[in-house]
Structure formats: C-alpha cells, structure tokens
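These notes are about the structure you will find just below.
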Amino acid sequence: MNYPRVYHTSVVLPDGKVFTAGGQVWGKPFNESNVQFVPELYDPVTDSFEPQSSHNMIRVYHSISMLLPDATVFNGGGGLCGNCSFNHYDAQIFIPPYLLTPSGKRRARPEIKTVDETVTVGQVLKFTTDKVVESASLVRQGTTTHTVNTDQRRVPLNIEAGNGNSFTAKLPDSSGALLPGWYMLFAMDANGTPSEAATVKVELPKAATSELEELDQSDVDMESEDHAECEDEKMPATLAALLSSPIRVWKSWRPTLVL
Ligand SMILES: [Cu+2]
C-alpha cells in the first residue's frame, strides 16, 4: 500500500481487485487529522497497489464503502456519533477503471439477459448475455460498519460457453466457500468490463436444509426452557423480544451466546 492508513474501508470488486478508500495515518476515533485522500486499487495478480483519483471528503472512523449492483462503489459517512464535532452526511460514488476508457468515457458493458434466480451450492448456474463474456463472479451482498464488511465475499466462477451467448458455471461444492444467501452475479467481457449485477439467491442442497430444520426444532424446544430461565435473570429486553418472536432471527441458535 502506498499510503499508510487505518479506519479506511476496502471493497472487493467483481474482477477480484480490491478498492480501498479513506482512513488516517494513525487511528483516533472522531478525529480528523492525518487523513488519507488517495484511494488505492489492489491487484492480486500483480500484488501491487495503484493510487486512484483523490476524493475531497474526509472518510475516517464510521465511514463506509459498499459495492453497488452497477459495479461502482459507494463511499460515504464518517463521524456521525450524535455529539461529534465532525459529521459527514454525504457520500461519493467511485467509478472503477474497468468502467472507463482511457479518456474517461464510459465503456460499453455486457448485459446479463437471463439468469437462474435461485441456485444450489454444488449445482450449475446458468445465465445468458447480450454478447460474449470471458469471466464471471458472484459477490455476496454485505453489510458494512466500523471499517468492516462482515459478509464480504467474492466467488470467481469457471464459466463454459454454450450456444448463443449462454453460459454455465459449476458452483463450489462447499457451503463454507459459497455461503447460502444473496449474491450479485457479474459477467465480464474481454476487457474486464463488468455487466450490471443480476441478483441470485444461493441455497443449500435439500438434504442439508432438512438437517438444519431438525436442528432448528431442537433449538425451539431448548429456547422455550432457556427463555423462561433468562426472564428470571432479567435478560436484556431486546434479546428476550428476539427469542420470543414467531419469526426466527437466526437459523440456528446456540447457547454459546454469553450475556
Ligand atoms: Cu461506532
């Protein structure tokens, strides 16, 4: 990295590069000195960082970055602690080089025409495009706060071309690698220019799902007992409300959550 920084945010892009923005040379919450304004793009193939155009907003503690479905990056916030002396109620959009020509115009980009909306871990994903694409990836929809995207994940796909711009990709067998949930499917042309994303839901195979449901049932039995005990111990109201909700918040509740 060319610029030392903490409290920055990093986003994995559809092509596997990582965009990093903001931060400061040394970390101090709600402080705006020694700020970095030059984002960098990490290329895992060359193992190098390339400085990008500067932003003019301070993005330090409490700032966020998110990959958007159009393959740009939202970078915003900072401060926002209520009584902070600095609050950044604003955001900027970073347009990665893969969307631009050398003169800064928007490149033509491929378009995903059809896709399986629901796919299963270990099975085959099928999609069609308006033109030939060279690669594709699934990028998990995440959440970000305090410089961390807890769900950030990119799964590169080995695609095989069929007839008429139709493509298939065998998905990883491991649900540890391809966690079930919502993903953005990006298809990239020979220049590495990505399409806009198509939303795909990844599910567990049926057998694994019914196993989880059995576990879940035992959790329900366990919860009702636990819940009664916890009420006696004045469990925080929020958690009590979650546990008594008819809607399951967690797929599997385990007694490892220590209050
Ligand atoms: Cu905070």
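Chain identifiers are assigned as A, B, and so on, following the order in which chains appear in the structure tokens; residues are numbered from 1 within each chain, and ligands are numbered from 1 in order of appearance.
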
Can you pull out the residues contacting segment 51-67 of chain A? Cut-off 8 Å, using only C-alpha atoms, and skip same-chain residues under 4 positions away; I want them as a compact mmCIF listing (two decimals) with C-alpha atoms, in the first residue's frame.
# COMPACT_ATOMS: atom_id res chain seq x y z
CA ASN A 2 1.35 3.42 -0.95
CA TYR A 7 -10.10 3.33 9.63
CA HIS A 8 -10.19 3.00 5.85
CA THR A 9 -12.71 0.81 4.04
CA SER A 10 -11.99 -1.88 1.44
CA VAL A 11 -14.28 -3.40 -1.14
CA VAL A 12 -13.72 -6.45 -3.31
CA LEU A 13 -14.75 -5.72 -6.90
CA ALA A 21 -10.59 4.48 0.42
CA GLY A 22 -10.17 6.89 3.28
CA GLY A 23 -8.57 6.34 6.64
CA GLN A 24 -5.90 8.21 8.51
CA LYS A 28 -8.16 8.01 16.64
CA PRO A 29 -11.96 7.79 16.63
CA PHE A 30 -13.79 11.04 15.82
CA ASN A 31 -10.57 12.77 14.92
CA GLU A 32 -9.86 14.30 11.52
CA VAL A 35 -6.25 11.99 6.77
CA GLN A 36 -5.66 9.99 3.58
CA PHE A 37 -7.48 11.21 0.49
CA VAL A 38 -5.99 8.95 -2.17
CA PRO A 39 -7.83 5.66 -2.70
CA GLU A 40 -5.85 2.67 -3.92
CA LEU A 41 -6.70 -0.31 -6.04
CA ALA A 71 -20.20 -2.24 -10.15
CA THR A 72 -19.41 1.23 -8.77
CA VAL A 73 -18.52 1.79 -5.11
CA PHE A 74 -20.48 3.89 -2.61
CA ASN A 75 -18.12 5.63 -0.17
CA GLY A 76 -19.68 7.80 2.49
CA GLY A 77 -20.21 8.82 6.09
CA GLY A 78 -17.75 9.42 8.88
CA GLY A 79 -18.18 10.86 12.35
CA LEU A 80 -21.96 10.60 12.82
CA HIS A 88 -20.31 13.64 7.20
CA GLY A 142 -22.83 -7.48 2.54
CA THR A 143 -23.26 -5.08 5.37
CA THR A 144 -20.60 -2.67 6.48
CA THR A 145 -19.86 -0.69 9.62
CA HIS A 146 -16.77 0.36 11.57
CA THR A 147 -14.49 -0.33 8.58

Non-local contacts of Ala169 of chain A (12 Å; only C-alpha atoms; under 5 positions in same chain excluded) as a CSV table (one decimal) with C-alpha atoms, in the first residue's frame:
chain,number,residue,atom,x,y,z
A,115,VAL,CA,-30.2,-16.0,-15.0
A,116,ASP,CA,-31.3,-18.7,-12.6
A,119,VAL,CA,-29.2,-21.8,-7.4
A,120,THR,CA,-28.0,-24.6,-5.1
A,121,VAL,CA,-24.5,-25.0,-3.7
A,122,GLY,CA,-22.6,-27.5,-5.8
A,123,GLN,CA,-25.0,-27.3,-8.7
A,124,VAL,CA,-24.8,-25.4,-12.1
A,125,LEU,CA,-25.6,-21.8,-12.5
A,126,LYS,CA,-27.0,-20.8,-16.0
A,127,PHE,CA,-27.2,-17.4,-17.5
A,128,THR,CA,-27.3,-15.6,-20.9
A,135,SER,CA,-15.4,-14.4,-16.9
A,136,ALA,CA,-18.0,-14.1,-14.1
A,137,SER,CA,-18.1,-13.9,-10.4
A,138,LEU,CA,-20.6,-13.9,-7.5
A,155,VAL,CA,-16.6,-16.3,-5.6
A,156,PRO,CA,-14.9,-16.5,-9.0
A,157,LEU,CA,-16.8,-18.7,-11.5
A,158,ASN,CA,-15.4,-21.1,-14.1
A,159,ILE,CA,-17.8,-20.4,-17.0
A,160,GLU,CA,-18.3,-22.5,-20.0
A,161,ALA,CA,-19.8,-21.1,-23.2
A,162,GLY,CA,-22.8,-22.8,-24.8
A,185,LEU,CA,-23.7,-12.1,-10.4
A,187,ALA,CA,-20.3,-11.1,-16.1

- [ ] For atom CA of Thr118 of chain A and atom CA of Ile95 of chain A, quote the distance in Å rounded to one decimal.
- [x] 29.1 Å

Open item on the list: Could you pull out the helix (DSSP H, G or I) residues of segment 102-236 of chain A, going by DSSP on the backbone, and write them as a ChimeraX atom specification?
Closed with: /A:206-232

Saved selection, atoms kept: C-alpha atoms, as an mmCIF file, in the first residue's frame:
data_model
loop_
_atom_site.group_PDB
_atom_site.id
_atom_site.type_symbol
_atom_site.label_atom_id
_atom_site.label_comp_id
_atom_site.auth_asym_id
_atom_site.auth_seq_id
_atom_site.Cartn_x
_atom_site.Cartn_y
_atom_site.Cartn_z
ATOM 1 C CA LYS A 206 -32.248 -30.139 0.145
ATOM 2 C CA ALA A 207 -30.581 -32.759 2.382
ATOM 3 C CA ALA A 208 -28.590 -30.116 4.260
ATOM 4 C CA THR A 209 -31.680 -27.927 4.622
ATOM 5 C CA SER A 210 -33.738 -30.662 6.280
ATOM 6 C CA GLU A 211 -30.828 -31.428 8.616
ATOM 7 C CA LEU A 212 -30.819 -27.790 9.662
ATOM 8 C CA GLU A 213 -34.584 -27.827 10.152
ATOM 9 C CA GLU A 214 -34.242 -30.782 12.520
ATOM 10 C CA LEU A 215 -31.575 -28.904 14.460
ATOM 11 C CA ASP A 216 -33.843 -25.894 14.449
ATOM 12 C CA GLN A 217 -36.690 -27.855 16.004
ATOM 13 C CA SER A 218 -34.445 -28.945 18.867
ATOM 14 C CA ASP A 219 -33.471 -25.296 19.265
ATOM 15 C CA VAL A 220 -37.124 -24.304 19.582
ATOM 16 C CA ASP A 221 -37.586 -26.816 22.417
ATOM 17 C CA MET A 222 -34.411 -25.620 24.063
ATOM 18 C CA GLU A 223 -35.307 -21.969 23.638
ATOM 19 C CA SER A 224 -38.615 -22.148 25.454
ATOM 20 C CA GLU A 225 -36.834 -23.530 28.521
ATOM 21 C CA ASP A 226 -33.942 -21.095 28.218
ATOM 22 C CA HIS A 227 -36.286 -18.219 27.720
ATOM 23 C CA ALA A 228 -38.130 -18.902 30.953
ATOM 24 C CA GLU A 229 -34.839 -19.060 32.861
ATOM 25 C CA CYS A 230 -33.492 -15.941 31.242
ATOM 26 C CA GLU A 231 -36.546 -13.900 32.140
ATOM 27 C CA ASP A 232 -35.841 -14.692 35.747
#

- [ ] Step one, run DSSP on the backbone; step two, keep only residues of segment 60-226 of chain A assigned to strand (DSSP E or B); then write them as an MDAnalysis selection string.
- [x] chainID A and resid 63:67 73:77 91:94 100 106 112:115 118:120 124:129 135:140 144:145 148:149 154:157 159:161 166:170 181:188 194 198:203

Open item on the list: Taking 4 positions as the minimum chain separation for residues in the same chain, which residues sit within 12 Å of Val45 of chain A when counting only C-alpha atoms? Answer as JSON, numbers by chain.
Closed with: {"A": [15, 16, 17, 18, 41, 49]}

Task: Minimum-distance residue to Ile93 of chain A, chosen among A:Asn149, A:Thr114, A:Leu68, A:Arg140 (using only C-alpha atoms) - done: A:Leu68

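Going from atom CA of Ser103 of chain A over to atom CA of Thr129 of chain A, you cover 26.7 Å.
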
- [ ] Have a look at A:Thr199, A:Pro194, A:Tyr42, A:Arg154 and name the one nearest to Glu134 of chain A; count only C-alpha atoms.
- [x]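 Closest to Glu134 of chain A of all the choices is A:Pro194.
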
TODO: Could you tell me which of A:Cys84, A:Leu171, A:Leu204, A:Ala197 comes closest to ligand 1 if we count only C-alpha atoms and all ligand atoms?
DONE: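 Looking at the shortest contact to ligand 1, the residue is A:Cys84.
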
Open item on the list: If I take atom CA of Tyr3 of chain A and atom CA of Gly192 of chain A, how far is one from the other in Å, to one decimal?
Closed with: 26.2 Å
